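Below is one structure, written out as structure tokens; the observations come after it.
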Amino acid sequence: LAADEGLTLIPSSQSQTGFTGVSKHGSRFQAVFGHAHLGMAATAEEAALLIARHLGAEASAAAAAAADGREEAKRKREEDAEDKAVAAAEKRAAAAAKKQAQKEAEKARREAQKEAQKEWLRRSQEELAARQRHAAEEQKRLLREAAERRDRELGREAAQRPGTSAPAAAELDPLATEQPIGAIIERALSSTCVYRRLGVPPHAPREACRASFLQLARRLHPDKCSHPHAKEAFAAVE
């Protein structure tokens with residue numbers, strides 16, 4: 001009907017009826033424009049036609065165009081707002097992802113640093129233990145060599161003394177019992193020879209062995225010696 005009369009219905013997305021100035025009352029539709037009540041109609045389109053007739057062809061077309069312009073502007077504002085909201089959400093998500101990635105990278109860096117420190121400490125401890133073992137073995141070797149040299153010298157001296165047999169010349173070596181306690185313990189524990197443990201020449205007489213034992217026992221007795229291997233060395237020279 002509106003097209004036949006050269007009129008344009010004025011749309012409205014804000015109205016429940018879909019037309020400007022048209023509202024539903026019960027089962028009928030009321031047409032109002034400004035302060036003018038233009039009547040009731042059976043349908044929303046008929047009520048909108050009453051308003052278009054009231055305005056005329058030119059004015060209704062202009063009003064419809066204006067309404068379309070407002071709707072388009074509103075739609076654009078909504079789209080812009082939605083685009084901004086999406087962009088803001090994406091920006092926040094990117095910032096959160098970047099922050100999370102930085103946190104994970106920092107965590108991985110700290111863990112790698114801890115592992116490197118652990119590995120360095122482990123290697124340092126192994127190297128220190130190896131140096132200590134080497135030093136202990138070297139000390140044992142030097143003590144053994146010194147004891148062997150001393151035994152050889154004592155044997156040569158006894159053999160070179162005129163008119164003296166080896167057993168009679170084998171006297172107590174005062175250095176053997178006056179050495180540092182560590183050297184005495186090392187000799188006692190490392191030697192398989194009883195005479196060397198006591199610090200006397202091979203086949204020394206009983207008196208020399210007993211004198212050396214008494215001196216060593218006084219130094220190695222666990223009640224008087226605080227060395228951790230004193231008890232073992234004391235048992236070795238008994």
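Residue numbering restarts at 1 in every chain; chains get A, B, ... in the order shown in the structure tokens, and ligands count up from 1 in that same order.
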
Within 12 Å of region 17-37 of chain A, which residues of region 62-102 of chain A show up? Give each one with its shortest atom-to-atom distance in Å (one decimal) and the two atoms involved, counting only C-alpha atoms, rows by chain then rising residue number, as a Markdown table.
| residue | atom | partner | partner_atom | distance |
| --- | --- | --- | --- | --- |
| A:Ala63 | CA | A:Thr20 | CA | 9.5 |
| A:Ala64 | CA | A:Thr20 | CA | 9.0 |
| A:Ala66 | CA | A:Thr20 | CA | 11.4 |
| A:Ala67 | CA | A:Thr20 | CA | 8.5 |
| A:Asp68 | CA | A:Thr20 | CA | 11.2 |
| A:Glu71 | CA | A:Gly18 | CA | 11.9 |

**Complete:** Residue with the minimum atom-to-atom distance to Ala48 (chain A), picked from A:Thr8, A:Val200, A:Glu72, A:Ala211 with only C-alpha atoms counted, is A:Thr8

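Residues of region 33-160 of chain A that DSSP, applied to the backbone, places in strand (DSSP E): Phe33, Ala36, His37, Leu38, Gly39, Met40 and Ala41 of chain A.
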
**Message:** Between CA of Leu49 (chain A) and CA of Leu9 (chain A), what is the distance in Å, rounded to a tenth?
**Reply:** 6.2 Å

**Gln139 (chain A) surroundings by only C-alpha atoms, 12 Å radius, close-in-sequence under 5 positions cut, as a PyMOL selection string** = chain A and resi 132-134+144-146+182-183+186-187+190

**Message:** According to DSSP computed on the backbone, where in region 15-236 of chain A is there helix (DSSP H, G or I)? Give the residues as JSON, numbers by chain.
**Reply:** {"A": [44, 45, 46, 47, 48, 49, 50, 51, 52, 53, 54, 55, 57, 58, 59, 60, 61, 62, 63, 64, 65, 66, 67, 68, 69, 70, 71, 72, 73, 74, 75, 76, 77, 78, 79, 80, 81, 82, 83, 84, 85, 86, 87, 88, 89, 90, 91, 92, 93, 94, 95, 96, 97, 98, 99, 100, 101, 102, 103, 104, 105, 106, 107, 108, 109, 110, 111, 112, 113, 114, 115, 116, 117, 118, 119, 120, 121, 122, 123, 124, 125, 126, 127, 128, 129, 130, 131, 132, 133, 134, 135, 136, 137, 138, 139, 140, 141, 142, 143, 144, 145, 146, 147, 148, 149, 150, 151, 152, 153, 154, 155, 156, 157, 158, 159, 160, 166, 167, 168, 169, 174, 175, 176, 177, 178, 181, 182, 183, 184, 185, 186, 187, 188, 189, 190, 194, 195, 196, 197, 198, 206, 207, 208, 209, 210, 211, 212, 213, 214, 215, 216, 217, 218, 219, 220, 230, 231, 232, 233, 234, 235, 236]}

**Prompt:** When distances are computed from only C-alpha atoms, which of A:Lys98, A:Glu115, A:Ile10, A:Val194 shows the smallest separation from Gly69 (chain A)?
**Reply:** A:Ile10

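The list of residues with at least one atom within 10 Å of Ile185 (chain A), based on only C-alpha atoms and without residues fewer than 6 positions apart in the same chain, reads Gln179, Arg197, Leu216, Leu220, His227, Pro228, His229, Ala230, Lys231, Glu232, Ala233, Phe234, Ala236 and Val237 of chain A.
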
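Rounded to one decimal, CA of Tyr195 (chain A) and CA of Ala235 (chain A) lie 14.5 Å from each other.
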